[in-house]
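Okay, structure-v5.tsv is below, TSV, C-alpha atoms (C1' of nucleotides):
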chain	number	residue	atom	x	y	z
A	96	MET	CA	58.76	109.79	102.83
A	97	GLY	CA	56.73	112.36	104.74
A	98	ILE	CA	55.42	112.48	108.26
A	99	ASN	CA	56.15	108.78	108.84
A	100	ALA	CA	59.88	109.27	108.38
A	101	VAL	CA	59.74	112.35	110.60
A	102	PHE	CA	58.20	110.55	113.59
A	103	GLU	CA	60.41	107.53	113.00
A	104	ALA	CA	63.47	109.82	113.04
A	105	LEU	CA	62.28	111.49	116.25
A	106	SER	CA	61.89	108.15	118.01
A	107	HIS	CA	65.56	107.74	118.95
A	108	PRO	CA	67.09	109.75	121.82
A	109	VAL	CA	70.40	110.21	120.02
A	110	ARG	CA	68.64	111.76	117.06
A	111	ARG	CA	66.59	114.07	119.24
A	112	ARG	CA	69.80	115.14	120.96
A	113	ILE	CA	71.40	115.86	117.58
A	114	LEU	CA	68.47	118.14	116.73
A	115	ALA	CA	68.80	119.85	120.11
A	116	LEU	CA	72.48	120.48	119.42
A	117	LEU	CA	71.67	121.91	115.99
A	118	LYS	CA	69.02	124.31	117.26
A	119	ASN	CA	71.79	126.73	118.31
A	120	GLY	CA	73.35	126.68	114.87
A	121	PRO	CA	74.89	124.37	112.24
A	122	LEU	CA	77.59	121.88	113.23
A	123	SER	CA	79.87	119.52	111.34
A	124	ALA	CA	79.48	115.75	111.47
A	125	GLY	CA	82.66	115.55	113.53
A	126	ASP	CA	81.59	118.20	116.03
A	127	LEU	CA	78.27	116.44	116.49
A	128	ALA	CA	79.96	113.05	116.90
A	129	GLY	CA	82.12	114.54	119.66
A	130	HIS	CA	79.05	114.84	121.87
A	131	PHE	CA	78.35	111.10	121.91
A	132	ASP	CA	80.01	107.90	123.09
A	133	LEU	CA	79.37	106.34	119.71
A	134	THR	CA	81.54	105.79	116.66
A	135	LYS	CA	81.39	108.13	113.69
A	136	PRO	CA	79.86	105.48	111.41
A	137	THR	CA	77.08	104.99	113.93
A	138	LEU	CA	76.40	108.72	114.03
A	139	SER	CA	76.48	108.78	110.25
A	140	VAL	CA	73.56	106.35	110.21
A	141	HIS	CA	71.62	108.65	112.52
A	142	PHE	CA	72.43	111.65	110.33
A	143	ASN	CA	71.04	109.73	107.39
A	144	LYS	CA	67.70	109.08	109.06
A	145	LEU	CA	67.40	112.74	109.97
A	146	LYS	CA	68.26	113.66	106.40
A	147	GLU	CA	65.70	111.23	104.94
A	148	ALA	CA	63.09	112.86	107.17
A	149	GLU	CA	64.40	116.24	105.97
A	150	LEU	CA	64.76	117.28	109.60
A	151	VAL	CA	68.30	118.33	108.69
A	152	ALA	CA	70.01	119.58	105.55
A	153	VAL	CA	73.68	119.12	104.68
A	154	GLU	CA	76.17	121.45	103.10
A	155	ARG	CA	79.77	120.60	102.30
A	156	ARG	CA	82.49	123.00	103.34
A	157	GLY	CA	85.93	121.72	102.37
A	158	THR	CA	86.32	118.24	103.80
A	159	SER	CA	83.60	118.83	106.34
A	160	LEU	CA	79.89	118.20	106.09
A	161	ILE	CA	77.85	120.81	107.92
A	162	TYR	CA	74.45	119.82	109.26
A	163	HIS	CA	71.64	122.37	109.60
A	164	LEU	CA	68.33	122.02	111.42
A	165	ASN	CA	65.27	122.29	109.19
A	166	THR	CA	62.74	123.94	111.45
A	167	SER	CA	59.90	123.79	108.95
A	168	ILE	CA	59.80	120.00	109.15
A	169	LEU	CA	59.90	120.16	112.94
A	170	GLU	CA	56.84	122.39	112.67
A	171	GLU	CA	55.18	119.74	110.54
A	172	ALA	CA	55.69	117.24	113.34
A	173	LEU	CA	54.30	119.78	115.82
A	174	ALA	CA	51.23	120.23	113.66
A	175	GLY	CA	50.85	116.46	113.47
A	176	LEU	CA	50.90	116.18	117.26
A	177	LEU	CA	48.48	119.07	117.67
A	178	SER	CA	46.04	117.40	115.30
A	179	LEU	CA	46.04	114.34	117.58
A	180	LYS	CA	44.93	116.54	120.43
A	181	ASP	CA	42.32	118.92	119.00
A	182	PRO	CA	38.88	117.38	118.47
A	183	GLU	CA	38.03	120.07	115.90
A	184	THR	CA	40.66	119.03	113.35
B	223	MET	CA	59.81	105.28	131.11
B	224	GLY	CA	59.29	108.96	130.31
B	225	ILE	CA	59.69	110.92	127.14
B	226	ASN	CA	61.59	108.12	125.42
B	227	ALA	CA	58.64	105.77	125.55
B	228	VAL	CA	56.38	108.57	124.35
B	229	PHE	CA	58.36	109.28	121.17
B	230	GLU	CA	58.88	105.58	120.59
B	231	ALA	CA	55.10	105.05	120.86
B	232	LEU	CA	54.45	107.92	118.44
B	233	SER	CA	56.80	106.44	115.83
B	234	HIS	CA	54.32	103.93	114.40
B	235	PRO	CA	51.52	105.07	112.06
B	236	VAL	CA	49.02	102.60	113.52
B	237	ARG	CA	49.58	103.99	116.99
B	238	ARG	CA	49.21	107.59	115.82
B	239	ARG	CA	45.98	106.62	114.11
B	240	ILE	CA	44.74	105.03	117.34
B	241	LEU	CA	45.39	108.31	119.14
B	242	ALA	CA	43.61	110.22	116.39
B	243	LEU	CA	40.57	107.94	116.80
B	244	LEU	CA	40.59	108.48	120.56
B	245	LYS	CA	40.74	112.27	120.36
B	246	ASN	CA	36.97	112.34	119.74
B	247	GLY	CA	36.27	110.23	122.80
B	248	PRO	CA	37.03	106.87	124.44
B	249	LEU	CA	36.66	103.66	122.46
B	250	SER	CA	36.80	99.96	123.31
B	251	ALA	CA	39.65	97.73	122.14
B	252	GLY	CA	37.26	96.03	119.75
B	253	ASP	CA	35.94	99.25	118.26
B	254	LEU	CA	39.49	100.46	117.71
B	255	ALA	CA	40.52	97.14	116.17
B	256	GLY	CA	37.63	97.47	113.70
B	257	HIS	CA	39.40	100.39	112.04
B	258	PHE	CA	42.45	98.35	111.02
B	259	ASP	CA	43.29	95.39	108.80
B	260	LEU	CA	45.22	93.79	111.65
B	261	THR	CA	44.36	91.07	114.12
B	262	LYS	CA	43.23	91.92	117.63
B	263	PRO	CA	46.39	90.53	119.24
B	264	THR	CA	48.45	92.80	117.04
B	265	LEU	CA	46.39	95.81	118.07
B	266	SER	CA	46.72	94.70	121.67
B	267	VAL	CA	50.48	95.03	121.38
B	268	HIS	CA	50.07	98.56	120.04
B	269	PHE	CA	47.70	99.41	122.90
B	270	ASN	CA	50.33	98.21	125.32
B	271	LYS	CA	52.99	100.52	123.93
B	272	LEU	CA	50.63	103.45	124.15
B	273	LYS	CA	49.79	102.44	127.72
B	274	GLU	CA	53.48	102.13	128.70
B	275	ALA	CA	54.02	105.64	127.37
B	276	GLU	CA	50.89	106.69	129.30
B	277	LEU	CA	49.50	108.20	126.13
B	278	VAL	CA	46.32	106.24	126.87
B	279	ALA	CA	44.59	105.02	130.01
B	280	VAL	CA	42.33	101.97	130.25
B	281	GLU	CA	39.12	101.39	132.13
B	282	ARG	CA	37.19	98.16	132.22
B	283	ARG	CA	33.46	98.23	131.57
B	284	GLY	CA	31.94	94.77	131.71
B	285	THR	CA	33.87	92.55	129.34
B	286	SER	CA	35.16	95.54	127.39
B	287	LEU	CA	38.30	97.55	127.91
B	288	ILE	CA	37.80	101.22	127.16
B	289	TYR	CA	40.79	103.26	126.02
B	290	HIS	CA	41.04	106.98	126.77
B	291	LEU	CA	43.47	109.51	125.33
B	292	ASN	CA	45.77	111.10	127.90
B	293	THR	CA	46.22	114.60	126.54
B	294	SER	CA	48.68	115.70	129.21
B	295	ILE	CA	51.30	113.27	127.93
B	296	LEU	CA	50.67	114.42	124.37
B	297	GLU	CA	51.39	117.92	125.63
B	298	GLU	CA	54.65	116.66	127.09
B	299	ALA	CA	55.65	115.44	123.64
B	300	LEU	CA	54.64	118.80	122.18
B	301	ALA	CA	56.81	120.58	124.73
B	302	GLY	CA	59.68	118.25	123.87
B	303	LEU	CA	59.39	119.12	120.19
B	304	LEU	CA	59.11	122.83	120.90
B	305	SER	CA	62.29	122.68	122.95
B	306	LEU	CA	64.09	121.29	119.89
B	307	LYS	CA	63.09	124.37	117.99
B	308	ASP	CA	63.51	127.31	120.35
B	309	PRO	CA	67.10	128.48	120.79
B	310	GLU	CA	66.22	130.11	124.14
B	311	THR	CA	65.37	126.86	125.96
C	296	DA	C1'	29.10	75.53	136.64
C	297	DC	C1'	28.79	76.47	131.53
C	298	DT	C1'	28.92	79.33	127.75
C	299	DC	C1'	29.51	83.44	125.20
C	300	DT	C1'	31.78	87.67	124.23
C	301	DA	C1'	35.86	90.67	124.67
C	302	DA	C1'	40.40	91.03	124.97
C	303	DT	C1'	44.95	89.64	126.39
C	304	DT	C1'	49.26	86.77	126.83
C	305	DA	C1'	52.53	83.29	124.79
C	306	DG	C1'	55.44	81.79	121.34
C	307	DA	C1'	57.42	82.09	116.94
C	308	DA	C1'	58.78	83.94	112.26
C	309	DG	C1'	60.40	87.65	109.52
C	310	DA	C1'	61.85	92.36	109.11
C	311	DA	C1'	64.02	96.42	110.76
C	312	DT	C1'	67.18	98.92	114.01
C	313	DT	C1'	71.42	99.85	116.30
C	314	DT	C1'	75.98	99.31	116.67
C	315	DC	C1'	80.57	97.92	115.54
C	316	DT	C1'	85.12	97.30	112.52
C	317	DA	C1'	87.15	97.69	108.11
C	318	DA	C1'	87.22	99.70	103.68
C	319	DA	C1'	86.06	103.46	100.50
C	320	DT	C1'	85.23	108.31	99.01
C	321	DA	C1'	86.06	113.32	98.74
C	322	DA	C1'	88.43	117.58	99.24
C	323	DA	C1'	92.79	120.10	100.39
C	324	DG	C1'	97.69	120.81	100.55
C	325	DG	C1'	102.34	120.00	99.62
D	297	DC	C1'	100.19	112.39	92.69
D	298	DC	C1'	100.54	111.20	97.45
D	299	DT	C1'	99.07	112.14	102.13
D	300	DT	C1'	96.11	113.84	105.54
D	301	DT	C1'	91.63	114.99	107.34
D	302	DA	C1'	86.65	114.34	107.46
D	303	DT	C1'	83.16	111.52	106.72
D	304	DT	C1'	80.61	107.89	104.56
D	305	DT	C1'	79.43	103.10	102.82
D	306	DA	C1'	79.65	97.97	103.42
D	307	DG	C1'	78.98	94.02	105.94
D	308	DA	C1'	77.95	91.59	110.07
D	309	DA	C1'	76.17	90.62	114.93
D	310	DA	C1'	72.86	91.49	118.52
D	311	DT	C1'	68.64	93.27	119.65
D	312	DT	C1'	64.05	94.98	119.08
D	313	DC	C1'	59.71	95.41	116.41
D	314	DT	C1'	55.72	93.82	113.98
D	315	DT	C1'	52.70	90.44	113.03
D	316	DC	C1'	50.57	86.07	113.10
D	317	DT	C1'	48.02	81.72	115.26
D	318	DA	C1'	46.83	79.33	119.37
D	319	DA	C1'	45.81	79.39	124.06
D	320	DT	C1'	44.37	81.93	128.21
D	321	DT	C1'	41.95	85.20	131.22
D	322	DA	C1'	37.93	87.96	132.70
D	323	DG	C1'	33.30	89.27	133.20
D	324	DA	C1'	28.12	88.54	132.27
D	325	DG	C1'	24.19	85.93	131.69
D	326	DT	C1'	21.64	81.54	131.79
Take the structure I supplied and represent it as structure tokens, if you would.
Amino acid sequence: MGINAVFEALSHPVRRRILALLKNGPLSAGDLAGHFDLTKPTLSVHFNKLKEAELVAVERRGTSLIYHLNTSILEEALAGLLSLKDPET
Amino acid sequence: MGINAVFEALSHPVRRRILALLKNGPLSAGDLAGHFDLTKPTLSVHFNKLKEAELVAVERRGTSLIYHLNTSILEEALAGLLSLKDPET
DNA sequence: ACTCTAATTAGAAGAATTTCTAAATAAAGG
DNA sequence: CCTTTATTTAGAAATTCTTCTAATTAGAGT
């Protein structure tokens, strides 16, 4: 869905916090959920929005799902913000 | 309201387009509204969200309200995104 | 004061978001 | 194959968002 989905995904503090947690390395859905006072199904919905925006990628290891940060899409968002600032673009 | 309001404001394509229009210089509410297939009251709501996030500032000139881009808050959003990327922060 | 132009606020309808509980899926191990 | 662990999907309630039309406010000019 492109840049729209990216900014939409970035609009919720829980999702930004998930990305911040992932910047130090991949984490499982359960490990991520442990950082929030929210149920696992709720977190699952947030994971989905991040996945739709391709801000994260998932890999299954055994019964666990491991989430990875996709920095290239974060850079796309950065470029989008920069373009709002620079008169020359 | 801080960084939350900023990312929330950035989440809608119409509002990002408004910022893009303002990057070349201030524009009145009416001039901005002319770029969209939406009613003026609808645009007014979008202006308000941008104002709450302090992404824009308003100045009255006669009967017109002139909207200005506030680049320093855009830079705050940029810094917020960068911090999601860099493992050292 | 009246009128015109510019823009906002109020109120309401419809859609989307966020969150929960309960049920379902998927892989691993005995 | 049954159980356990990890996580998701389904369905529903509460809230927020987006948009409209109608009414209001604000300033300028006559």
For chain B against chain D, which residues fall within 8 Å using all atoms listed in the file, given as a compact mmCIF listing (two decimals) with C-alpha atoms, keeping the file's coordinate frame?
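iface27.txt, written as the output of this step:
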# COMPACT_ATOMS: atom_id res chain seq x y z
CA THR B 264 48.45 92.80 117.04
CA GLY B 284 31.94 94.77 131.71
CA THR B 285 33.87 92.55 129.34
I want to know what sits within 12 Å of Arg238 (chain B), based on all atoms listed in the file, with residues of the same chain fewer than 2 positions away left out; could you give that as a tab-separated table (two decimals) with C-alpha atoms, in the frame of the given file?
chain	number	residue	atom	x	y	z
A	98	ILE	CA	55.42	112.48	108.26
A	99	ASN	CA	56.15	108.78	108.84
A	102	PHE	CA	58.20	110.55	113.59
A	103	GLU	CA	60.41	107.53	113.00
A	172	ALA	CA	55.69	117.24	113.34
A	175	GLY	CA	50.85	116.46	113.47
A	176	LEU	CA	50.90	116.18	117.26
A	177	LEU	CA	48.48	119.07	117.67
A	178	SER	CA	46.04	117.40	115.30
A	179	LEU	CA	46.04	114.34	117.58
A	180	LYS	CA	44.93	116.54	120.43
B	228	VAL	CA	56.38	108.57	124.35
B	229	PHE	CA	58.36	109.28	121.17
B	230	GLU	CA	58.88	105.58	120.59
B	231	ALA	CA	55.10	105.05	120.86
B	232	LEU	CA	54.45	107.92	118.44
B	233	SER	CA	56.80	106.44	115.83
B	234	HIS	CA	54.32	103.93	114.40
B	235	PRO	CA	51.52	105.07	112.06
B	236	VAL	CA	49.02	102.60	113.52
B	240	ILE	CA	44.74	105.03	117.34
B	241	LEU	CA	45.39	108.31	119.14
B	242	ALA	CA	43.61	110.22	116.39
B	243	LEU	CA	40.57	107.94	116.80
B	244	LEU	CA	40.59	108.48	120.56
B	245	LYS	CA	40.74	112.27	120.36
B	268	HIS	CA	50.07	98.56	120.04
B	269	PHE	CA	47.70	99.41	122.90
B	271	LYS	CA	52.99	100.52	123.93
B	272	LEU	CA	50.63	103.45	124.15
B	277	LEU	CA	49.50	108.20	126.13
B	278	VAL	CA	46.32	106.24	126.87
B	291	LEU	CA	43.47	109.51	125.33
B	296	LEU	CA	50.67	114.42	124.37
Mobile chain A fitted to chain B over all in-order Cα pairs, reported as a PDB file with C-alpha atoms, in the frame of the given file:
ATOM      1  CA  MET A  96      59.707 105.285 131.122  1.00  0.00           C
ATOM      2  CA  GLY A  97      59.208 108.949 130.286  1.00  0.00           C
ATOM      3  CA  ILE A  98      59.670 110.937 127.131  1.00  0.00           C
ATOM      4  CA  ASN A  99      61.593 108.114 125.430  1.00  0.00           C
ATOM      5  CA  ALA A 100      58.613 105.776 125.564  1.00  0.00           C
ATOM      6  CA  VAL A 101      56.363 108.590 124.355  1.00  0.00           C
ATOM      7  CA  PHE A 102      58.359 109.287 121.180  1.00  0.00           C
ATOM      8  CA  GLU A 103      58.882 105.578 120.610  1.00  0.00           C
ATOM      9  CA  ALA A 104      55.105 105.053 120.865  1.00  0.00           C
ATOM     10  CA  LEU A 105      54.461 107.916 118.435  1.00  0.00           C
ATOM     11  CA  SER A 106      56.814 106.437 115.850  1.00  0.00           C
ATOM     12  CA  HIS A 107      54.329 103.938 114.402  1.00  0.00           C
ATOM     13  CA  PRO A 108      51.524 105.082 112.069  1.00  0.00           C
ATOM     14  CA  VAL A 109      49.022 102.623 113.517  1.00  0.00           C
ATOM     15  CA  ARG A 110      49.581 104.009 116.985  1.00  0.00           C
ATOM     16  CA  ARG A 111      49.243 107.589 115.821  1.00  0.00           C
ATOM     17  CA  ARG A 112      45.994 106.626 114.111  1.00  0.00           C
ATOM     18  CA  ILE A 113      44.734 105.047 117.340  1.00  0.00           C
ATOM     19  CA  LEU A 114      45.401 108.330 119.151  1.00  0.00           C
ATOM     20  CA  ALA A 115      43.611 110.235 116.391  1.00  0.00           C
ATOM     21  CA  LEU A 116      40.598 107.959 116.789  1.00  0.00           C
ATOM     22  CA  LEU A 117      40.605 108.483 120.556  1.00  0.00           C
ATOM     23  CA  LYS A 118      40.744 112.269 120.354  1.00  0.00           C
ATOM     24  CA  ASN A 119      36.972 112.321 119.721  1.00  0.00           C
ATOM     25  CA  GLY A 120      36.272 110.233 122.790  1.00  0.00           C
ATOM     26  CA  PRO A 121      37.031 106.869 124.443  1.00  0.00           C
ATOM     27  CA  LEU A 122      36.658 103.642 122.465  1.00  0.00           C
ATOM     28  CA  SER A 123      36.831  99.955 123.312  1.00  0.00           C
ATOM     29  CA  ALA A 124      39.663  97.716 122.152  1.00  0.00           C
ATOM     30  CA  GLY A 125      37.261  96.015 119.758  1.00  0.00           C
ATOM     31  CA  ASP A 126      35.945  99.251 118.271  1.00  0.00           C
ATOM     32  CA  LEU A 127      39.493 100.454 117.724  1.00  0.00           C
ATOM     33  CA  ALA A 128      40.529  97.138 116.159  1.00  0.00           C
ATOM     34  CA  GLY A 129      37.635  97.472 113.706  1.00  0.00           C
ATOM     35  CA  HIS A 130      39.399 100.399 112.058  1.00  0.00           C
ATOM     36  CA  PHE A 131      42.446  98.365 111.029  1.00  0.00           C
ATOM     37  CA  ASP A 132      43.286  95.420 108.791  1.00  0.00           C
ATOM     38  CA  LEU A 133      45.199  93.827 111.632  1.00  0.00           C
ATOM     39  CA  THR A 134      44.353  91.100 114.114  1.00  0.00           C
ATOM     40  CA  LYS A 135      43.211  91.922 117.627  1.00  0.00           C
ATOM     41  CA  PRO A 136      46.383  90.516 119.215  1.00  0.00           C
ATOM     42  CA  THR A 137      48.439  92.803 117.010  1.00  0.00           C
ATOM     43  CA  LEU A 138      46.382  95.809 118.067  1.00  0.00           C
ATOM     44  CA  SER A 139      46.717  94.703 121.668  1.00  0.00           C
ATOM     45  CA  VAL A 140      50.489  95.038 121.356  1.00  0.00           C
ATOM     46  CA  HIS A 141      50.062  98.575 120.052  1.00  0.00           C
ATOM     47  CA  PHE A 142      47.686  99.414 122.899  1.00  0.00           C
ATOM     48  CA  ASN A 143      50.337  98.215 125.307  1.00  0.00           C
ATOM     49  CA  LYS A 144      53.004 100.530 123.931  1.00  0.00           C
ATOM     50  CA  LEU A 145      50.626 103.464 124.153  1.00  0.00           C
ATOM     51  CA  LYS A 146      49.788 102.468 127.708  1.00  0.00           C
ATOM     52  CA  GLU A 147      53.462 102.148 128.703  1.00  0.00           C
ATOM     53  CA  ALA A 148      53.986 105.665 127.362  1.00  0.00           C
ATOM     54  CA  GLU A 149      50.876 106.707 129.317  1.00  0.00           C
ATOM     55  CA  LEU A 150      49.490 108.212 126.123  1.00  0.00           C
ATOM     56  CA  VAL A 151      46.318 106.251 126.868  1.00  0.00           C
ATOM     57  CA  ALA A 152      44.591 105.024 130.007  1.00  0.00           C
ATOM     58  CA  VAL A 153      42.348 101.968 130.265  1.00  0.00           C
ATOM     59  CA  GLU A 154      39.142 101.390 132.139  1.00  0.00           C
ATOM     60  CA  ARG A 155      37.206  98.139 132.226  1.00  0.00           C
ATOM     61  CA  ARG A 156      33.485  98.209 131.603  1.00  0.00           C
ATOM     62  CA  GLY A 157      31.978  94.727 131.747  1.00  0.00           C
ATOM     63  CA  THR A 158      33.899  92.529 129.342  1.00  0.00           C
ATOM     64  CA  SER A 159      35.175  95.510 127.422  1.00  0.00           C
ATOM     65  CA  LEU A 160      38.317  97.534 127.920  1.00  0.00           C
ATOM     66  CA  ILE A 161      37.808 101.209 127.174  1.00  0.00           C
ATOM     67  CA  TYR A 162      40.788 103.240 126.021  1.00  0.00           C
ATOM     68  CA  HIS A 163      41.048 106.967 126.765  1.00  0.00           C
ATOM     69  CA  LEU A 164      43.472 109.507 125.329  1.00  0.00           C
ATOM     70  CA  ASN A 165      45.759 111.125 127.891  1.00  0.00           C
ATOM     71  CA  THR A 166      46.208 114.610 126.518  1.00  0.00           C
ATOM     72  CA  SER A 167      48.653 115.717 129.189  1.00  0.00           C
ATOM     73  CA  ILE A 168      51.281 113.287 127.923  1.00  0.00           C
ATOM     74  CA  LEU A 169      50.664 114.422 124.355  1.00  0.00           C
ATOM     75  CA  GLU A 170      51.393 117.928 125.616  1.00  0.00           C
ATOM     76  CA  GLU A 171      54.642 116.654 127.078  1.00  0.00           C
ATOM     77  CA  ALA A 172      55.652 115.431 123.638  1.00  0.00           C
ATOM     78  CA  LEU A 173      54.645 118.804 122.176  1.00  0.00           C
ATOM     79  CA  ALA A 174      56.809 120.570 124.724  1.00  0.00           C
ATOM     80  CA  GLY A 175      59.671 118.232 123.867  1.00  0.00           C
ATOM     81  CA  LEU A 176      59.390 119.104 120.178  1.00  0.00           C
ATOM     82  CA  LEU A 177      59.128 122.816 120.907  1.00  0.00           C
ATOM     83  CA  SER A 178      62.302 122.664 122.971  1.00  0.00           C
ATOM     84  CA  LEU A 179      64.123 121.260 119.925  1.00  0.00           C
ATOM     85  CA  LYS A 180      63.102 124.321 117.980  1.00  0.00           C
ATOM     86  CA  ASP A 181      63.536 127.286 120.334  1.00  0.00           C
ATOM     87  CA  PRO A 182      67.134 128.433 120.805  1.00  0.00           C
ATOM     88  CA  GLU A 183      66.214 130.082 124.121  1.00  0.00           C
ATOM     89  CA  THR A 184      65.311 126.856 125.933  1.00  0.00           C
TER      90      THR A 184
END
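Within 12 Å of chain C, and counting only C-alpha atoms (C1' of nucleotides), chain B contributes Ser250, Ala251, Gly252, Asp253, Leu254, Ala255, Thr261, Lys262, Pro263, Thr264, Leu265, Ser266, Val267, Phe269, Asn270, Arg282, Arg283, Gly284, Thr285, Ser286, Leu287 and Ile288 of chain B.
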Nearest to chain A, chosen from B:Thr293, B:Glu298, B:Glu281, B:Arg237, with only C-alpha atoms counted in the distances: B:Thr293
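The coordinates place CA of Ile295 (chain B) at 10.8 Å from CA of Ala227 (chain B).
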Given all atoms listed in the file as the counted atoms, nearest of B:His290, B:Asn246, B:Ala279, B:Gly224 to chain A: B:Asn246
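A straight line drawn from CA of Pro248 (chain B) to CA of Tyr289 (chain B) is 5.4 Å long.
Minimum atom-to-atom distances from B:Asp259, B:Ala275, B:Pro309, B:Gly247 to chain A were compared using only C-alpha atoms, and the lowest value belongs to B:Pro309.
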Coordinates-based distance that separates CA of Arg112 (chain A) from CA of Leu133 (chain A) (Å, one decimal): 13.1 Å
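Checking A:Phe131, A:Leu122, A:Glu149, A:Ser167 one by one against chain B, counting only C-alpha atoms, you find the shortest gap at A:Ser167.
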